[in-house]
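Visitor: I am sharing data-v5.pdb, which consists of PDB, C-alpha atoms:
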```pdb
MODEL        1
ATOM      1  CA  ILE A  20      10.872  73.632  43.044
ATOM      2  CA  ASP A  21      10.293  70.307  44.799
ATOM      3  CA  ASP A  22      10.533  67.430  42.351
ATOM      4  CA  ASN A  23       8.569  64.689  44.132
ATOM      5  CA  SER A  24      10.611  64.484  47.341
ATOM      6  CA  ASP A  25      10.081  61.566  49.715
ATOM      7  CA  ALA A  26       7.380  62.510  52.255
ATOM      8  CA  SER A  27       9.119  60.372  54.884
ATOM      9  CA  ILE A  28      12.144  62.669  54.645
ATOM     10  CA  VAL A  29      10.654  66.073  53.806
ATOM     11  CA  ASP A  30       8.161  67.849  56.082
ATOM     12  CA  PHE A  31       5.792  69.334  53.507
ATOM     13  CA  ASN A  32       3.786  71.118  56.211
ATOM     14  CA  HIS A  33       6.823  73.206  57.105
ATOM     15  CA  TYR A  34       8.461  73.419  53.719
ATOM     16  CA  PRO A  35      11.093  76.204  53.469
ATOM     17  CA  GLY A  36       9.635  79.345  51.886
ATOM     18  CA  LEU A  37       5.940  78.562  52.349
ATOM     19  CA  ASP A  38       5.559  81.304  54.959
ATOM     20  CA  ASN A  39       7.692  83.810  53.037
ATOM     21  CA  PRO A  40       5.666  86.194  50.816
ATOM     22  CA  ASN A  41       8.734  86.767  48.631
ATOM     23  CA  VAL A  42       9.085  83.066  47.804
ATOM     24  CA  LYS A  43       7.060  80.962  45.378
ATOM     25  CA  VAL A  44       7.113  77.215  46.010
ATOM     26  CA  PHE A  45       6.108  74.713  43.339
ATOM     27  CA  PHE A  46       5.556  71.012  43.942
ATOM     28  CA  SER A  47       5.950  68.518  41.120
ATOM     29  CA  LYS A  48       4.836  64.926  41.698
ATOM     30  CA  GLU A  49       6.230  63.665  38.397
ATOM     31  CA  GLY A  50       9.854  63.152  39.463
ATOM     32  CA  ARG A  51      11.240  64.085  36.050
ATOM     33  CA  GLY A  52      14.623  65.275  37.279
ATOM     34  CA  ALA A  53      16.585  68.510  37.610
ATOM     35  CA  GLY A  54      16.027  69.696  34.034
ATOM     36  CA  ALA A  55      12.239  69.540  34.322
ATOM     37  CA  ALA A  56      12.314  71.164  37.767
ATOM     38  CA  ARG A  57      14.442  74.039  36.494
ATOM     39  CA  ASN A  58      12.096  74.494  33.542
ATOM     40  CA  ILE A  59       9.179  74.891  35.949
ATOM     41  CA  GLY A  60      11.185  77.641  37.616
ATOM     42  CA  LEU A  61      11.886  79.337  34.281
ATOM     43  CA  LYS A  62       8.227  79.309  33.287
ATOM     44  CA  ASN A  63       7.190  80.923  36.570
ATOM     45  CA  ALA A  64      10.070  83.368  37.090
ATOM     46  CA  THR A  65       9.161  87.061  36.996
ATOM     47  CA  GLY A  66      12.284  88.888  38.147
ATOM     48  CA  LYS A  67      14.987  90.631  36.166
ATOM     49  CA  TRP A  68      17.700  88.082  36.935
ATOM     50  CA  LEU A  69      17.923  84.297  37.234
ATOM     51  CA  LEU A  70      20.087  82.560  39.847
ATOM     52  CA  PHE A  71      20.078  78.794  40.180
ATOM     53  CA  ALA A  72      20.834  76.723  43.257
ATOM     54  CA  ASP A  73      20.673  72.979  43.867
ATOM     55  CA  SER A  74      18.878  71.826  46.996
ATOM     56  CA  ASP A  75      22.045  70.479  48.641
ATOM     57  CA  ASP A  76      24.210  73.542  47.906
ATOM     58  CA  LEU A  77      24.382  76.925  49.614
ATOM     59  CA  PHE A  78      25.242  80.523  48.896
ATOM     60  CA  GLU A  79      28.250  82.197  50.454
ATOM     61  CA  ASN A  80      27.583  84.499  53.390
ATOM     62  CA  GLY A  81      27.175  88.044  52.115
ATOM     63  CA  PHE A  82      26.673  86.982  48.501
ATOM     64  CA  LEU A  83      23.833  89.487  48.099
ATOM     65  CA  ASN A  84      26.291  92.360  48.526
ATOM     66  CA  THR A  85      28.303  90.942  45.618
ATOM     67  CA  ILE A  86      25.453  90.388  43.172
ATOM     68  CA  ASP A  87      23.765  93.693  44.082
ATOM     69  CA  LYS A  88      26.609  95.490  42.316
ATOM     70  CA  TYR A  89      25.308  94.102  39.026
ATOM     71  CA  LYS A  90      21.529  94.325  39.482
ATOM     72  CA  ASP A  91      21.295  97.462  37.319
ATOM     73  CA  SER A  92      24.089  96.515  34.920
ATOM     74  CA  PHE A  93      23.733  95.995  31.156
ATOM     75  CA  TYR A  94      25.327  92.533  31.207
ATOM     76  CA  ASP A  95      23.431  89.452  30.057
ATOM     77  CA  ILE A  96      25.492  87.029  32.126
ATOM     78  CA  VAL A  97      27.754  87.634  35.133
ATOM     79  CA  TYR A  98      29.985  84.736  36.264
ATOM     80  CA  PHE A  99      31.140  84.443  39.872
ATOM     81  CA  GLY A 100      33.503  82.330  41.937
ATOM     82  CA  VAL A 101      32.525  78.922  43.311
ATOM     83  CA  ILE A 102      34.067  76.672  45.972
ATOM     84  CA  SER A 103      33.385  73.070  46.997
ATOM     85  CA  ARG A 104      32.534  71.845  50.497
ATOM     86  CA  ASP A 105      32.013  68.462  52.091
ATOM     87  CA  SER A 106      28.260  67.927  52.502
ATOM     88  CA  ASP A 107      28.605  66.698  56.107
ATOM     89  CA  SER A 108      31.381  68.801  57.642
ATOM     90  CA  LEU A 109      31.032  71.790  55.256
ATOM     91  CA  CYS A 110      34.822  71.958  55.197
ATOM     92  CA  VAL A 111      36.281  73.403  51.995
ATOM     93  CA  ILE A 112      37.516  70.748  49.548
ATOM     94  CA  ASP A 113      40.640  72.032  47.827
ATOM     95  CA  HIS A 114      41.092  69.138  45.394
ATOM     96  CA  ASP A 115      37.699  69.162  43.643
ATOM     97  CA  TYR A 116      38.319  69.244  39.886
ATOM     98  CA  ARG A 117      35.084  70.989  38.952
ATOM     99  CA  SER A 118      35.336  74.071  41.160
ATOM    100  CA  ASN A 119      39.110  74.356  40.689
ATOM    101  CA  SER A 120      38.785  74.175  36.911
ATOM    102  CA  LEU A 121      35.958  76.705  36.932
ATOM    103  CA  MET A 122      38.045  79.127  39.005
ATOM    104  CA  ARG A 123      41.037  78.729  36.658
ATOM    105  CA  HIS A 124      38.861  79.600  33.666
ATOM    106  CA  LEU A 125      37.353  82.499  35.588
ATOM    107  CA  GLN A 126      40.785  83.849  36.546
ATOM    108  CA  ASP A 127      41.976  83.556  32.950
ATOM    109  CA  ALA A 128      38.892  85.349  31.620
ATOM    110  CA  TYR A 129      39.254  88.089  34.233
ATOM    111  CA  GLU A 130      42.928  88.702  33.479
ATOM    112  CA  HIS A 131      42.726  88.576  29.675
ATOM    113  CA  LYS A 132      39.156  89.869  29.215
ATOM    114  CA  ASN A 133      38.471  86.923  26.933
ATOM    115  CA  PHE A 134      35.211  85.225  27.832
ATOM    116  CA  ASP A 135      35.040  82.666  25.002
ATOM    117  CA  ASN A 136      35.678  79.638  27.230
ATOM    118  CA  LEU A 137      32.952  80.802  29.622
ATOM    119  CA  ARG A 138      30.568  81.645  26.796
ATOM    120  CA  TRP A 139      30.918  78.307  24.988
ATOM    121  CA  ALA A 140      31.325  76.121  28.100
ATOM    122  CA  SER A 141      34.488  74.621  26.616
ATOM    123  CA  ASP A 142      35.068  72.586  29.792
ATOM    124  CA  ASN A 143      32.602  70.384  31.675
ATOM    125  CA  SER A 144      33.146  72.528  34.762
ATOM    126  CA  LEU A 145      31.631  75.510  32.929
ATOM    127  CA  ASN A 146      28.326  74.064  31.760
ATOM    128  CA  VAL A 147      26.621  74.410  35.144
ATOM    129  CA  PRO A 148      23.783  76.908  35.739
ATOM    130  CA  TRP A 149      24.823  78.035  39.204
ATOM    131  CA  GLY A 150      27.493  80.556  40.169
ATOM    132  CA  LYS A 151      26.194  83.119  37.697
ATOM    133  CA  MET A 152      23.511  85.756  37.152
ATOM    134  CA  ILE A 153      21.565  85.389  33.910
ATOM    135  CA  ARG A 154      19.258  88.071  32.599
ATOM    136  CA  ARG A 155      15.786  86.464  32.482
ATOM    137  CA  GLU A 156      14.868  88.330  29.302
ATOM    138  CA  LEU A 157      17.810  86.644  27.551
ATOM    139  CA  VAL A 158      16.355  83.214  28.325
ATOM    140  CA  SER A 159      12.702  83.987  27.666
ATOM    141  CA  THR A 160      13.288  85.932  24.424
ATOM    142  CA  ASN A 161      15.433  83.150  22.967
ATOM    143  CA  ASN A 162      13.172  80.381  24.276
ATOM    144  CA  ILE A 163      16.021  78.621  26.086
ATOM    145  CA  TYR A 164      15.173  75.669  28.325
ATOM    146  CA  PHE A 165      16.973  72.836  30.078
ATOM    147  CA  ASP A 166      17.173  69.388  28.509
ATOM    148  CA  GLU A 167      14.985  66.964  30.422
ATOM    149  CA  VAL A 168      17.453  64.087  30.552
ATOM    150  CA  ILE A 169      18.962  61.883  33.269
ATOM    151  CA  ALA A 170      22.255  63.779  33.416
ATOM    152  CA  GLY A 171      23.820  66.763  31.673
ATOM    153  CA  ASN A 172      20.572  68.741  31.505
ATOM    154  CA  ASP A 173      22.366  72.041  32.033
ATOM    155  CA  ALA A 174      25.089  71.782  29.372
ATOM    156  CA  MET A 175      23.083  72.816  26.311
ATOM    157  CA  PHE A 176      21.305  75.512  28.335
ATOM    158  CA  SER A 177      24.669  77.080  29.222
ATOM    159  CA  CYS A 178      25.851  76.900  25.609
ATOM    160  CA  LYS A 179      22.718  78.529  24.194
ATOM    161  CA  CYS A 180      22.817  81.272  26.823
ATOM    162  CA  GLY A 181      26.437  81.954  25.845
ATOM    163  CA  PHE A 182      25.461  82.256  22.183
ATOM    164  CA  ALA A 183      22.527  84.577  22.905
ATOM    165  CA  ALA A 184      24.398  86.820  25.365
ATOM    166  CA  LYS A 185      25.666  90.086  23.901
ATOM    167  CA  SER A 186      27.610  91.168  26.965
ATOM    168  CA  ILE A 187      29.376  88.979  29.517
ATOM    169  CA  THR A 188      31.618  89.700  32.485
ATOM    170  CA  CYS A 189      33.030  87.862  35.482
ATOM    171  CA  ASP A 190      33.720  88.614  39.123
ATOM    172  CA  LEU A 191      36.213  86.489  41.091
ATOM    173  CA  SER A 192      34.206  86.905  44.311
ATOM    174  CA  VAL A 193      32.888  83.565  45.589
ATOM    175  CA  ILE A 194      29.099  83.514  45.904
ATOM    176  CA  TYR A 195      28.262  79.792  45.704
ATOM    177  CA  ASN A 196      29.220  76.632  47.608
ATOM    178  CA  VAL A 197      28.923  73.267  45.867
ATOM    179  CA  THR A 198      28.548  70.437  48.360
ATOM    180  CA  LEU A 199      29.939  67.022  47.496
ATOM    181  CA  ARG A 200      28.691  63.638  48.612
ATOM    182  CA  SER A 201      29.443  60.180  47.259
ATOM    183  CA  ASP A 202      25.889  59.425  46.086
ATOM    184  CA  SER A 203      25.221  62.699  44.232
ATOM    185  CA  LEU A 204      24.510  62.587  40.493
ATOM    186  CA  THR A 205      27.816  64.263  39.653
ATOM    187  CA  GLN A 206      29.638  61.501  41.537
ATOM    188  CA  THR A 207      27.553  58.701  40.018
ATOM    189  CA  PHE A 208      29.099  56.700  37.181
ATOM    190  CA  SER A 209      26.356  54.316  36.104
ATOM    191  CA  ARG A 210      25.967  53.374  32.447
ATOM    192  CA  LEU A 211      22.765  55.408  32.122
ATOM    193  CA  VAL A 212      24.270  58.567  33.638
ATOM    194  CA  LEU A 213      27.475  58.359  31.620
ATOM    195  CA  THR A 214      25.597  57.621  28.397
ATOM    196  CA  SER A 215      23.320  60.609  29.001
ATOM    197  CA  ARG A 216      26.332  62.870  29.519
ATOM    198  CA  PHE A 217      28.053  61.544  26.394
ATOM    199  CA  ASP A 218      24.941  61.997  24.260
ATOM    200  CA  THR A 219      24.632  65.564  25.553
ATOM    201  CA  SER A 220      28.239  66.247  24.495
ATOM    202  CA  CYS A 221      27.388  64.951  21.004
ATOM    203  CA  ARG A 222      24.434  67.338  20.770
ATOM    204  CA  ILE A 223      26.547  70.250  21.978
ATOM    205  CA  ASN A 224      29.207  69.533  19.344
ATOM    206  CA  LYS A 225      26.538  69.497  16.651
ATOM    207  CA  TYR A 226      25.159  72.806  17.945
ATOM    208  CA  LEU A 227      28.591  74.464  18.161
ATOM    209  CA  ARG A 228      29.420  73.478  14.584
ATOM    210  CA  SER A 229      26.057  74.811  13.402
ATOM    211  CA  ILE A 230      26.913  78.276  14.762
ATOM    212  CA  GLY A 231      30.507  78.272  13.517
ATOM    213  CA  LYS A 232      32.151  77.510  16.867
ATOM    214  CA  GLY A 233      33.403  74.016  16.074
ATOM    215  CA  HIS A 234      36.832  74.709  17.590
ATOM    216  CA  PHE A 235      35.177  74.665  21.023
ATOM    217  CA  CYS A 236      33.794  71.143  20.518
ATOM    218  CA  TYR A 237      34.530  68.339  22.958
ATOM    219  CA  ASN A 238      36.906  65.566  21.950
ATOM    220  CA  LEU A 239      34.358  62.741  21.872
ATOM    221  CA  TYR A 240      37.034  60.058  21.594
ATOM    222  CA  GLU A 241      38.681  61.211  24.792
ATOM    223  CA  LEU A 242      35.274  61.413  26.482
ATOM    224  CA  SER A 243      34.518  57.854  25.352
ATOM    225  CA  PHE A 244      37.557  56.481  27.169
ATOM    226  CA  SER A 245      37.158  58.670  30.255
ATOM    227  CA  HIS A 246      33.445  57.777  30.576
ATOM    228  CA  PHE A 247      33.339  54.121  29.585
ATOM    229  CA  TYR A 248      36.743  52.603  30.374
ATOM    230  CA  CYS A 249      34.965  50.139  32.703
ATOM    231  CA  TYR A 250      32.210  49.314  30.210
ATOM    232  CA  PRO A 251      33.636  47.707  27.014
ATOM    233  CA  LYS A 252      30.309  47.539  25.162
ATOM    234  CA  GLU A 253      29.444  51.189  25.848
ATOM    235  CA  LEU A 254      33.025  52.201  25.003
ATOM    236  CA  LEU A 255      32.781  50.571  21.568
ATOM    237  CA  LEU A 256      29.338  52.068  20.889
ATOM    238  CA  SER A 257      30.465  55.551  21.957
ATOM    239  CA  LEU A 258      33.566  55.373  19.727
ATOM    240  CA  ILE A 259      31.375  54.379  16.778
ATOM    241  CA  LYS A 260      29.023  57.268  17.525
ATOM    242  CA  ALA A 261      31.944  59.694  17.903
ATOM    243  CA  THR A 262      33.193  58.689  14.455
ATOM    244  CA  ARG A 263      29.723  59.058  12.958
ATOM    245  CA  VAL A 264      29.024  62.553  14.319
ATOM    246  CA  THR A 265      32.515  64.044  13.958
ATOM    247  CA  PRO A 266      33.705  65.356  10.550
ATOM    248  CA  ILE A 267      36.618  63.309   9.157
ATOM    249  CA  LYS A 268      39.161  66.147   9.342
ATOM    250  CA  ASN A 269      38.264  66.716  12.997
ATOM    251  CA  SER A 270      38.207  62.977  13.769
ATOM    252  CA  LEU A 271      41.839  62.520  12.744
ATOM    253  CA  HIS A 272      42.943  65.382  14.962
ATOM    254  CA  ASP A 273      40.810  64.215  17.903
ATOM    255  CA  ILE A 274      41.984  60.589  17.632
ATOM    256  CA  PHE A 275      45.630  61.680  17.641
ATOM    257  CA  GLU A 276      45.005  63.979  20.611
ATOM    258  CA  CYS A 277      43.158  61.191  22.443
ATOM    259  CA  LEU A 278      46.055  58.775  21.890
ATOM    260  CA  GLN A 279      48.478  61.332  23.298
ATOM    261  CA  ILE A 280      46.323  61.743  26.415
ATOM    262  CA  LEU A 281      45.998  57.969  26.909
ATOM    263  CA  ILE A 282      49.745  57.412  26.476
ATOM    264  CA  LYS A 283      50.477  60.169  28.979
ATOM    265  CA  LYS A 284      48.090  58.601  31.507
ATOM    266  CA  VAL A 285      49.671  55.160  31.079
ATOM    267  CA  CYS A 286      53.160  56.624  31.537
ATOM    268  CA  ASN A 287      52.088  58.487  34.678
ATOM    269  CA  LYS A 288      50.612  55.309  36.159
ATOM    270  CA  SER A 289      53.826  53.423  35.414
ATOM    271  CA  LYS A 290      55.895  56.075  37.212
ATOM    272  CA  HIS A 291      53.650  55.905  40.286
ATOM    273  CA  ARG A 292      53.954  52.108  40.453
ATOM    274  CA  ARG A 293      57.726  52.395  40.565
TER
ENDMDL
END
```
Starting from the file, lay out its structure as structure tokens.

Guide:
Amino acid sequence: IDDNSDASIVDFNHYPGLDNPNVKVFFSKEGRGAGAARNIGLKNATGKWLLFADSDDLFENGFLNTIDKYKDSFYDIVYFGVISRDSDSLCVIDHDYRSNSLMRHLQDAYEHKNFDNLRWASDNSLNVPWGKMIRRELVSTNNIYFDEVIAGNDAMFSCKCGFAAKSITCDLSVIYNVTLRSDSLTQTFSRLVLTSRFDTSCRINKYLRSIGKGHFCYNLYELSFSHFYCYPKELLLSLIKATRVTPIKNSLHDIFECLQILIKKVCNKSKHRR
């Protein structure tokens, strides 16, 4: 799916996949973002399984041999390993929080056969669409689509897929490479992007409580400080919203937990300065 790429950068006459009979290419001139582009893919997909990939990422060499083991399986979702690479050098980045956190959750699920954290995307590193096989019938039958928002379009999709899935498994084999660059959306911290991500977290919390999984909700107070510590106005507004959408009994717990996290961060900074 090409979402209105710049013609001065992309050669549309030699677009990848146009000469491949096994590939369908769709061009959107609306520029509505990743969520809308992925929804176009969902509406036109015909295969048994869904695999997502961002345009600046790449699959691991030999990944087909790994996913082929599950093509005839009964699972609804299969999670795989992911690593991060520098977008220019393609060198592996060992200190990337997102891929490291995802792999820790994957290892834990594999060892204990408990897939709840994967199913409910209890960490921001888990609410991505890539690095997994999703049965297409699961998505189409339950009418699951991506949010068409500036950022965080994939979080609710991942949560709803987790709820609908009857059978989940994971494989520690790495099949996907996330490339990192300073100007990518995941590395962008503008007010609009951060607000979109926070609002998505609020919607996810509401959804999780509606299905009886409130204990997997995000701590919105902690997210407020981590997202908006440089933006006082947005910080105040997000704290007010967190209080409004979080039940009182949960608010007290989350505020106390948030204070503990903030105190720990301040103490750590003080130690480093010494």

Visitor: Nearest to Ser24 (chain A): which of A:Ile169, A:Ile280, A:Ser74, A:Val42 is it, counting all atoms listed in the file?

Guide: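 For Ser24 (chain A), the nearest of the candidates is A:Ser74.
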
Visitor: If the PyMOL selection byres ((chain A and resi 187) around 10) were run on this exact file, what residues would it hold? Put them as a list in words.

Guide: Phe93, Tyr94, Asp95, Ile96, Val97, Tyr98, Lys132, Asn133, Phe134, Asp135, Leu137, Arg138, Ile153, Gly181, Ala184, Lys185, Ser186, Thr188 and Cys189 of chain A

Visitor: Any chance you could work out the axis-aligned box around region 21-30 of chain A, listed atoms only, 6 Å on each side, giving centre and edge lengths in Å to one decimal, as AutoDock Vina command-line options?

Guide:
```
--center_x 9.8 --center_y 65.3 --center_z 49.2 --size_x 16.8 --size_y 21.9 --size_z 25.7
```

Visitor: Excluding Tyr250 (chain A) and its own-chain neighbours fewer than 3 positions away, which residues fall within 12 Å of it when counting all atoms listed in the file? Please give them as a PyMOL selection string.

Guide: chain A and resi 208-211+213-214+243-247+253-257

Visitor: Write out as a PyMOL selection string the residues lying within 12 Å of Trp139 (chain A), counting only C-alpha atoms and excluding same-chain residues fewer than 6 positions away.

Guide: chain A and resi 124+133+145-147+174-184+187+223-224+226-228+230-237

Visitor: So how far away is CA of Ile28 (chain A) from CA of Cys110 (chain A), in Å?

Guide: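 CA of Ile28 (chain A) lies 24.5 Å from CA of Cys110 (chain A).
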
Visitor: Could you state the separation of CA of Lys260 (chain A) and CA of Tyr248 (chain A) in Å, given to one decimal place?

Guide: 15.7 Å

Visitor: Convert the output of the PyMOL selection byres ((chain A and resi 115-117) around 10) on the shown file into explicit residues, formatted as a VMD selection string.

Guide: chain A and resid 101 to 104 111 to 114 118 to 122 142 to 145 147 197 199 205

Visitor: Would you compute the distance between CA of Thr198 (chain A) and CA of Leu109 (chain A)? Give it in Å to one decimal.

Guide: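 Computing the Euclidean distance for CA of Thr198 (chain A) and CA of Leu109 (chain A) yields 7.5 Å.
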
Visitor: Determine the residue set returned by the PyMOL selection byres ((chain A and resi 63) around 12) for the present structure, and present it as a CSV table (one decimal) with C-alpha atoms, in the frame of the given file.

Guide:
```csv
chain,number,residue,atom,x,y,z
A,20,ILE,CA,10.9,73.6,43.0
A,42,VAL,CA,9.1,83.1,47.8
A,43,LYS,CA,7.1,81.0,45.4
A,44,VAL,CA,7.1,77.2,46.0
A,45,PHE,CA,6.1,74.7,43.3
A,56,ALA,CA,12.3,71.2,37.8
A,57,ARG,CA,14.4,74.0,36.5
A,58,ASN,CA,12.1,74.5,33.5
A,59,ILE,CA,9.2,74.9,35.9
A,60,GLY,CA,11.2,77.6,37.6
A,61,LEU,CA,11.9,79.3,34.3
A,62,LYS,CA,8.2,79.3,33.3
A,64,ALA,CA,10.1,83.4,37.1
A,65,THR,CA,9.2,87.1,37.0
A,66,GLY,CA,12.3,88.9,38.1
A,69,LEU,CA,17.9,84.3,37.2
A,155,ARG,CA,15.8,86.5,32.5
A,159,SER,CA,12.7,84.0,27.7
```

Visitor: Would you please work out which residue, of A:Asp105, A:Lys225, A:Ser220, A:Leu70, is nearest to Trp149 (chain A) when using all atoms listed in the file?

Guide: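 Ranked by minimum distance to Trp149 (chain A), first place goes to A:Leu70.
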
Visitor: Smallest atom-to-atom distance to Gly100 (chain A): which of A:Ser141, A:Asn162, A:Ser192, A:Asn172, using all atoms listed in the file?

Guide: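 Counting all atoms listed in the file, the residue closest to Gly100 (chain A) is A:Ser192.
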
Visitor: So which one's closest to Ile163 (chain A), A:Lys90, A:Asn269, A:Gly54, A:Leu125? Using all atoms listed in the file, please.

Guide: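 Residue with the minimum atom-to-atom distance to Ile163 (chain A): A:Gly54.
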
Visitor: Using all atoms listed in the file, can you list as a ChimeraX atom specification the residues within 12 Å of (20.1, 79.7, 49.5)?

Guide: /A:35-36,42,70-83,149-150,194-197

Visitor: Could the residues in this selection be saved with C-alpha atoms as a CSV table (one decimal), in the frame of the given file?

Guide:
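Done, and the output landed in part-v9.csv:
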```csv
chain,number,residue,atom,x,y,z
A,35,PRO,CA,11.1,76.2,53.5
A,36,GLY,CA,9.6,79.3,51.9
A,42,VAL,CA,9.1,83.1,47.8
A,70,LEU,CA,20.1,82.6,39.8
A,71,PHE,CA,20.1,78.8,40.2
A,72,ALA,CA,20.8,76.7,43.3
A,73,ASP,CA,20.7,73.0,43.9
A,74,SER,CA,18.9,71.8,47.0
A,75,ASP,CA,22.0,70.5,48.6
A,76,ASP,CA,24.2,73.5,47.9
A,77,LEU,CA,24.4,76.9,49.6
A,78,PHE,CA,25.2,80.5,48.9
A,79,GLU,CA,28.2,82.2,50.5
A,80,ASN,CA,27.6,84.5,53.4
A,81,GLY,CA,27.2,88.0,52.1
A,82,PHE,CA,26.7,87.0,48.5
A,83,LEU,CA,23.8,89.5,48.1
A,149,TRP,CA,24.8,78.0,39.2
A,150,GLY,CA,27.5,80.6,40.2
A,194,ILE,CA,29.1,83.5,45.9
A,195,TYR,CA,28.3,79.8,45.7
A,196,ASN,CA,29.2,76.6,47.6
A,197,VAL,CA,28.9,73.3,45.9
```
